[in-house]
Amino acid sequence: MNRASDLLMAVSIGAGLNKNKIIEQAVEAMEELFKLAIMGEPLWQHNGNGGMETLNGFQYLREFGSFDATMEQIMRMVEVGEPQCFISSDCNCNFDQDVPSSFSKLNFEPLNIETSRETAFVEMNPMNIVQLLMDTKQWATTFYSIVSRTTLLGVILENVDGSYNGVLQVMSAEFHQRTPLIPARQCYFARYCKKHTNGTWGVVDVSLENLFPYPQVQFRRRPSGCVIQEVGNRGSKVTWIEHVEVDNRSLHPLFRPIVSSGFAFSAKRWIATINRHCQWLTTSTARTAPTTDGVLIPQEGRESLLKLAEKMTKNFFNNINSCSENVWSGLPQNFAAQDVRLRYGNILKVPGKPSGNIVIFTTSIQIPVPMEVLFDFLRHERTRNRWDLLSNQRHVRELVYVSNGENPKNRVSIMPVNSSPNKIEILYLQESYTDETGSYIVYAPMDIMAMSKILNGGNPKFVSILPSGFSIMPDKAPGQGDGAVGSILALAFQSVDRLSNKEYMPQSTLKIIDAILSTTVASIKDAMLFGIRY
């Protein structure tokens, strides 16, 4: 269905009249983006102590929409706080003088407005950032933790001098979080790049659903994107703006506060992701990387290890999100684990071993502890045997690690699990990463010979890997509501099951899935309840 929709959209944008409409809308969106980037209060407001910058709905409509006294009176009647829901500024409504009667006749869209702005320094020059955003393959590769699928549908305007200045292209994309319980967001949009007279670049997205007939719109990108300014020779100042409309009616209650606040898909998350990419580039090209004992990994081995870890983490994110290609089902109600989602992955084929179906299963729980406490517990080798069933009663140590960025907890590690001092039962590859928008711990068992080849510069493309792990996000946005910010933990595991197929999953497999999830959840909750000792 997605490919058919993409084809229809590509045909639609080819008409001359449609091209002119898209160009006009993109130019207006760029003007709005620059205004949003430079304006402050009262248009932008901080939500509580340490909260995000969000748009004031009234001020936005005054500045960018059709706004009169009648509209303002109606807006004050329908505003209810969080999430901020207000009428689309492009809504065609005729208002009577009698406000209550006209209010009852309005046809409101069930779309929540999510807005955020984040400004930060990025260690990349403006031209490289622009290329990263305008090249759809680079964009999807860099933001793989946010973008599930993207397709370039057509180029409306090209630039003749070889840069992206003035380029206007039409795209489709799906945006996700790291759990199947948050629906993916799909839309068609124009992406327009413009270099302004002072050397500042702008890259703006704006949805095209209002230009083409759609029976039901569940997600729209209002003018969103970034303004990029060069900062000496060191990098760029990036102001990122997210402004979207989304239907959150099918959202799982566990995630409603954090998603409806706008934090889950915020500008802060896009900035954090591009900074993580810059850190990865720096680490992969560094000359030396000490381990815990001061041992050095050769540069070729470090690059191969980092590429293998990236392959593992991408695989994990792709497997557990709710994009249209991932079809999830639930666990029957007579099992202990709650809110379980499971699906089949690709068939695993390893030379010399019988093939089998990959079963992916996940659940999410709320834990009333800060993200950093939960992250430290799950990533640390000394506490692994308190939740990992395969490490139970065994000794785990971190043999080798490569740090990624300034935070020493952000690292790629090799962890052997020993049943006796000289016997390695399991060898884990693990990547752990945290920033203010969320954390993850992804790991996979590795063949010892395969890991040896990687550390000597071997090609990670030829290594089979089956990742499992955890994704952590706050249970509400900073500054949102009363009380401390806790955590939402998503657990996801993969296993090879030679008894199942896409038409049938035996009861024995369902029982194993239930046991793994319920036991792991109970172990983590017990550890958080009774305290952690390292």
# chains A, B, ... in the order shown; residues from 1 in each chain; ligands from 1
call {"tool": "closest_atom_pairs", "arguments": {"of": "stretch 11-46 of chain A", "to": "stretch 188-199 of chain A", "cutoff": "9 Å", "atoms": "only C-alpha atoms", "output": "Markdown table"}}
result
| residue | atom | partner | partner_atom | distance |
| --- | --- | --- | --- | --- |
| A:Ile22 | CA | A:Ala190 | CA | 7.3 |
| A:Ile23 | CA | A:Ala190 | CA | 8.7 |
| A:Gln25 | CA | A:Ala190 | CA | 8.7 |
| A:Ala26 | CA | A:Tyr192 | CA | 6.2 |
| A:Val27 | CA | A:Tyr192 | CA | 7.9 |
| A:Ala29 | CA | A:Tyr192 | CA | 8.7 |
| A:Met30 | CA | A:Tyr192 | CA | 7.5 |
call {"tool": "residues_around", "arguments": {"residues": "A:Ile274", "least_positions_apart": "4", "cutoff": "8 Å", "atoms": "only C-alpha atoms", "output": "ChimeraX atom specification"}}
result
/A:122,142-143,270,278
call {"tool": "write_last_selection", "arguments": {"atoms": "N, CA, C and O atoms", "output": "PDB file, in the first residue's frame"}}
result
ATOM      1  N   VAL A 122      26.538  22.055  16.777  1.00  0.00           N
ATOM      2  CA  VAL A 122      26.771  20.763  16.143  1.00  0.00           C
ATOM      3  C   VAL A 122      28.156  20.792  15.496  1.00  0.00           C
ATOM      4  O   VAL A 122      28.472  21.723  14.742  1.00  0.00           O
ATOM      5  N   THR A 142      21.428   8.389   8.944  1.00  0.00           N
ATOM      6  CA  THR A 142      21.832   9.140  10.136  1.00  0.00           C
ATOM      7  C   THR A 142      20.762   9.093  11.220  1.00  0.00           C
ATOM      8  O   THR A 142      21.062   8.919  12.403  1.00  0.00           O
ATOM      9  N   PHE A 143      19.502   9.231  10.813  1.00  0.00           N
ATOM     10  CA  PHE A 143      18.402   9.302  11.779  1.00  0.00           C
ATOM     11  C   PHE A 143      17.628   7.987  11.833  1.00  0.00           C
ATOM     12  O   PHE A 143      16.405   7.985  11.926  1.00  0.00           O
ATOM     13  N   TRP A 270      15.831  15.289  17.619  1.00  0.00           N
ATOM     14  CA  TRP A 270      16.545  15.381  16.342  1.00  0.00           C
ATOM     15  C   TRP A 270      17.956  15.938  16.543  1.00  0.00           C
ATOM     16  O   TRP A 270      18.923  15.428  15.964  1.00  0.00           O
ATOM     17  N   CYS A 278      27.691  12.756  14.956  1.00  0.00           N
ATOM     18  CA  CYS A 278      28.993  13.433  14.934  1.00  0.00           C
ATOM     19  C   CYS A 278      29.978  12.751  15.878  1.00  0.00           C
ATOM     20  O   CYS A 278      31.168  12.595  15.551  1.00  0.00           O
TER      21      CYS A 278
END
call {"tool": "closest_atom_pairs", "arguments": {"of": "stretch 119-181 of chain A", "to": "stretch 428-451 of chain A", "cutoff": "12 Å", "atoms": "only C-alpha atoms", "output": "tab-separated table"}}
result
residue	atom	partner	partner_atom	distance
A:Ser145	CA	A:Tyr440	CA	10.6
A:Gln177	CA	A:Gly438	CA	10.5
A:Arg178	CA	A:Tyr440	CA	9.3
A:Thr179	CA	A:Tyr440	CA	11.8
call {"tool": "select_by_dssp", "arguments": {"residues": "stretch 385-512 of chain A", "states": "strand (DSSP E or B)", "output": "number ranges by chain"}}
result
A: 395-396, 400-403, 411-420, 423-435, 438-445, 468-474, 487-497, 501, 504
call {"tool": "select_by_dssp", "arguments": {"residues": "stretch 113-295 of chain A", "states": "alpha helix (DSSP H)", "output": "VMD selection string"}}
result
chain A and resid 126 to 134 136 to 142 256 to 260 267 to 285
call {"tool": "write_last_selection", "arguments": {"atoms": "C-alpha atoms", "output": "tab-separated table (two decimals), in the first residue's frame"}}
result
chain	number	residue	atom	x	y	z
A	126	PRO	CA	26.69	23.83	7.41
A	127	MET	CA	27.26	22.32	3.96
A	128	ASN	CA	27.68	18.82	5.40
A	129	ILE	CA	24.53	19.19	7.50
A	130	VAL	CA	22.61	20.38	4.44
A	131	GLN	CA	23.84	17.42	2.39
A	132	LEU	CA	22.94	15.04	5.21
A	133	LEU	CA	19.36	16.37	5.20
A	134	MET	CA	18.83	16.68	1.45
A	136	THR	CA	17.45	10.94	1.45
A	137	LYS	CA	19.75	7.93	1.92
A	138	GLN	CA	22.09	9.84	4.22
A	139	TRP	CA	19.12	11.28	6.09
A	140	ALA	CA	17.57	7.86	6.73
A	141	THR	CA	20.96	6.37	7.67
A	142	THR	CA	21.83	9.14	10.14
A	256	ARG	CA	0.18	9.21	26.37
A	257	PRO	CA	1.80	11.81	28.70
A	258	ILE	CA	5.25	11.77	27.09
A	259	VAL	CA	3.98	11.64	23.49
A	260	SER	CA	1.17	14.20	23.90
A	267	ALA	CA	13.29	18.98	18.17
A	268	LYS	CA	15.53	18.05	21.09
A	269	ARG	CA	15.51	14.43	19.90
A	270	TRP	CA	16.54	15.38	16.34
A	271	ILE	CA	19.41	17.53	17.67
A	272	ALA	CA	20.53	14.76	20.04
A	273	THR	CA	20.56	12.27	17.16
A	274	ILE	CA	22.68	14.40	14.84
A	275	ASN	CA	25.13	15.05	17.70
A	276	ARG	CA	25.35	11.32	18.34
A	277	HIS	CA	26.19	10.86	14.64
A	278	CYS	CA	28.99	13.43	14.93
A	279	GLN	CA	30.37	11.62	17.99
A	280	TRP	CA	30.31	8.33	16.11
A	281	LEU	CA	32.26	9.88	13.20
A	282	THR	CA	34.87	11.27	15.60
A	283	THR	CA	35.26	7.96	17.43
A	284	SER	CA	35.52	5.86	14.28
A	285	THR	CA	38.37	8.00	12.92
call {"tool": "residues_around", "arguments": {"residues": "A:Arg384", "least_positions_apart": "4", "cutoff": "12 Å", "atoms": "only C-alpha atoms", "output": "PDB file with C-alpha atoms, in the first residue's frame"}}
result
ATOM      1  CA  PHE A 375      20.275   2.742  32.453  1.00  0.00           C
ATOM      2  CA  ASP A 376      23.260   2.148  34.779  1.00  0.00           C
ATOM      3  CA  PHE A 377      21.719  -1.028  36.162  1.00  0.00           C
ATOM      4  CA  LEU A 378      21.039  -2.568  32.751  1.00  0.00           C
ATOM      5  CA  ARG A 379      24.304  -1.602  31.052  1.00  0.00           C
ATOM      6  CA  HIS A 380      26.764  -2.481  33.861  1.00  0.00           C
ATOM      7  CA  ASP A 388      19.956 -11.715  32.139  1.00  0.00           C
ATOM      8  CA  LEU A 389      18.727 -15.316  32.282  1.00  0.00           C
ATOM      9  CA  LEU A 390      21.776 -16.567  30.361  1.00  0.00           C
ATOM     10  CA  SER A 391      24.173 -14.827  32.777  1.00  0.00           C
ATOM     11  CA  ASN A 392      22.496 -15.999  35.982  1.00  0.00           C
ATOM     12  CA  GLN A 393      24.988 -17.271  38.575  1.00  0.00           C
ATOM     13  CA  ARG A 394      27.852 -16.562  36.178  1.00  0.00           C
ATOM     14  CA  HIS A 395      30.650 -14.016  36.111  1.00  0.00           C
ATOM     15  CA  VAL A 396      30.381 -11.159  33.591  1.00  0.00           C
ATOM     16  CA  ARG A 397      33.184  -8.723  32.845  1.00  0.00           C
ATOM     17  CA  GLU A 398      33.834  -5.989  30.323  1.00  0.00           C
ATOM     18  CA  MET A 415      31.539  -8.827  27.520  1.00  0.00           C
ATOM     19  CA  PRO A 416      32.434 -12.489  28.082  1.00  0.00           C
ATOM     20  CA  VAL A 417      30.229 -14.533  30.429  1.00  0.00           C
ATOM     21  CA  TYR A 428      28.270 -10.418  24.146  1.00  0.00           C
ATOM     22  CA  GLN A 430      26.866  -4.453  23.647  1.00  0.00           C
ATOM     23  CA  ILE A 441      21.200  -0.854  25.713  1.00  0.00           C
ATOM     24  CA  TYR A 443      23.386  -6.505  22.835  1.00  0.00           C
ATOM     25  CA  THR A 520      13.050 -10.447  33.204  1.00  0.00           C
ATOM     26  CA  SER A 523      13.984  -9.283  38.124  1.00  0.00           C
ATOM     27  CA  ILE A 524      14.334  -5.652  37.052  1.00  0.00           C
ATOM     28  CA  ALA A 527      16.316  -4.774  41.725  1.00  0.00           C
ATOM     29  CA  ILE A 532      21.357  -1.797  43.413  1.00  0.00           C
ATOM     30  CA  ARG A 533      24.764  -2.919  44.670  1.00  0.00           C
ATOM     31  CA  TYR A 534      27.673  -2.789  42.218  1.00  0.00           C
TER      32      TYR A 534
END
call {"tool": "closest_atom_pairs", "arguments": {"of": "stretch 259-349 of chain A", "to": "stretch 480-496 of chain A", "cutoff": "12 Å", "atoms": "only C-alpha atoms", "output": "CSV"}}
result
residue,atom,partner,partner_atom,distance
A:Val259,CA,A:Gln480,CA,11.7
A:Ser260,CA,A:Gln480,CA,10.8
A:Ser261,CA,A:Gln480,CA,7.8
A:Gly262,CA,A:Gln480,CA,10.9
A:Phe263,CA,A:Gln480,CA,10.1
A:Ala264,CA,A:Ile488,CA,11.7
A:Asn315,CA,A:Gln494,CA,10.9
A:Phe316,CA,A:Ala492,CA,8.4
A:Phe317,CA,A:Ala492,CA,9.9
A:Asn318,CA,A:Ala492,CA,11.6
A:Asn319,CA,A:Ala492,CA,9.0
A:Ile320,CA,A:Ala492,CA,7.0
A:Asn321,CA,A:Ala492,CA,10.4
A:Ala337,CA,A:Leu491,CA,11.7
A:Gln338,CA,A:Leu491,CA,11.9
A:Asp339,CA,A:Ala490,CA,10.6
A:Val340,CA,A:Ala492,CA,9.8
A:Arg341,CA,A:Ala492,CA,9.4
A:Leu342,CA,A:Ala492,CA,9.4
A:Arg343,CA,A:Gln494,CA,9.9
A:Tyr344,CA,A:Gln494,CA,9.4
A:Gly345,CA,A:Gln494,CA,8.8
A:Asn346,CA,A:Val496,CA,10.1
A:Ile347,CA,A:Val496,CA,8.5
A:Leu348,CA,A:Val496,CA,7.5
A:Lys349,CA,A:Val496,CA,10.3
call {"tool": "atom_distance", "arguments": {"atom1": "atom CA of A:Asn56", "atom2": "atom CA of A:Trp44"}}
result
5.9 Å
call {"tool": "residues_around", "arguments": {"residues": "A:Arg234", "least_positions_apart": "4", "cutoff": "10 Å", "atoms": "only C-alpha atoms", "output": "MDAnalysis selection string"}}
result
chainID A and resid 121:125 230
call {"tool": "atom_distance", "arguments": {"atom1": "atom CA of A:Pro474", "atom2": "atom CA of A:Ser266"}}
result
13.1 Å
call {"tool": "decode", "arguments": {"residues": "stretch 486-505 of chain A", "atoms": "N, CA, C and O atoms", "output": "short mmCIF file (atom, residue, chain, number, x, y, z; two decimals), in the first residue's frame"}}
result
data_model
loop_
_atom_site.label_atom_id
_atom_site.label_comp_id
_atom_site.auth_asym_id
_atom_site.auth_seq_id
_atom_site.Cartn_x
_atom_site.Cartn_y
_atom_site.Cartn_z
N GLY A 486 9.81 9.59 36.10
CA GLY A 486 10.21 8.19 36.13
C GLY A 486 10.63 7.71 34.75
O GLY A 486 11.01 8.50 33.89
N SER A 487 10.53 6.41 34.52
CA SER A 487 11.00 5.80 33.27
C SER A 487 9.96 4.87 32.68
O SER A 487 9.18 4.25 33.41
N ILE A 488 9.97 4.77 31.36
CA ILE A 488 9.25 3.72 30.64
C ILE A 488 10.31 2.85 29.98
O ILE A 488 11.12 3.33 29.19
N LEU A 489 10.27 1.58 30.30
CA LEU A 489 11.26 0.62 29.79
C LEU A 489 10.61 -0.29 28.77
O LEU A 489 9.60 -0.94 29.05
N ALA A 490 11.17 -0.32 27.56
CA ALA A 490 10.75 -1.26 26.52
C ALA A 490 11.79 -2.37 26.44
O ALA A 490 12.99 -2.09 26.26
N LEU A 491 11.35 -3.62 26.62
CA LEU A 491 12.23 -4.78 26.51
C LEU A 491 11.93 -5.48 25.19
O LEU A 491 10.76 -5.64 24.83
N ALA A 492 12.95 -5.89 24.49
CA ALA A 492 12.73 -6.60 23.22
C ALA A 492 13.77 -7.70 23.06
O ALA A 492 14.96 -7.47 23.30
N PHE A 493 13.30 -8.87 22.67
CA PHE A 493 14.18 -10.02 22.51
C PHE A 493 13.93 -10.67 21.15
O PHE A 493 12.82 -10.60 20.61
N GLN A 494 14.98 -11.30 20.64
CA GLN A 494 14.87 -12.09 19.41
C GLN A 494 15.35 -13.51 19.69
O GLN A 494 16.32 -13.70 20.43
N SER A 495 14.69 -14.47 19.09
CA SER A 495 15.15 -15.85 19.21
C SER A 495 14.82 -16.60 17.93
O SER A 495 13.93 -16.21 17.17
N VAL A 496 15.54 -17.67 17.69
CA VAL A 496 15.30 -18.52 16.52
C VAL A 496 14.43 -19.68 16.95
O VAL A 496 14.74 -20.40 17.89
N ASP A 497 13.30 -19.82 16.26
CA ASP A 497 12.35 -20.88 16.59
C ASP A 497 12.11 -21.73 15.34
O ASP A 497 11.54 -21.24 14.35
N ARG A 498 12.53 -22.95 15.37
CA ARG A 498 12.39 -23.83 14.21
C ARG A 498 11.06 -24.58 14.19
O ARG A 498 10.79 -25.34 13.27
N LEU A 499 10.23 -24.36 15.21
CA LEU A 499 8.92 -25.01 15.26
C LEU A 499 7.81 -24.12 14.71
O LEU A 499 6.73 -24.59 14.38
N SER A 500 8.08 -22.80 14.62
CA SER A 500 7.04 -21.85 14.23
C SER A 500 7.17 -21.48 12.76
O SER A 500 8.21 -21.64 12.14
N ASN A 501 6.09 -20.96 12.24
CA ASN A 501 6.09 -20.32 10.93
C ASN A 501 5.09 -19.17 10.97
O ASN A 501 4.46 -18.93 12.00
N LYS A 502 4.93 -18.45 9.87
CA LYS A 502 4.10 -17.26 9.88
C LYS A 502 2.62 -17.58 10.05
O LYS A 502 1.83 -16.70 10.37
N GLU A 503 2.23 -18.83 9.82
CA GLU A 503 0.83 -19.22 9.98
C GLU A 503 0.56 -19.85 11.33
O GLU A 503 -0.59 -19.91 11.77
N TYR A 504 1.62 -20.31 12.02
CA TYR A 504 1.36 -21.07 13.25
C TYR A 504 2.51 -20.88 14.23
O TYR A 504 3.68 -20.95 13.87
N MET A 505 2.13 -20.60 15.49
CA MET A 505 3.10 -20.55 16.58
C MET A 505 2.63 -21.48 17.68
O MET A 505 1.56 -21.27 18.26
#
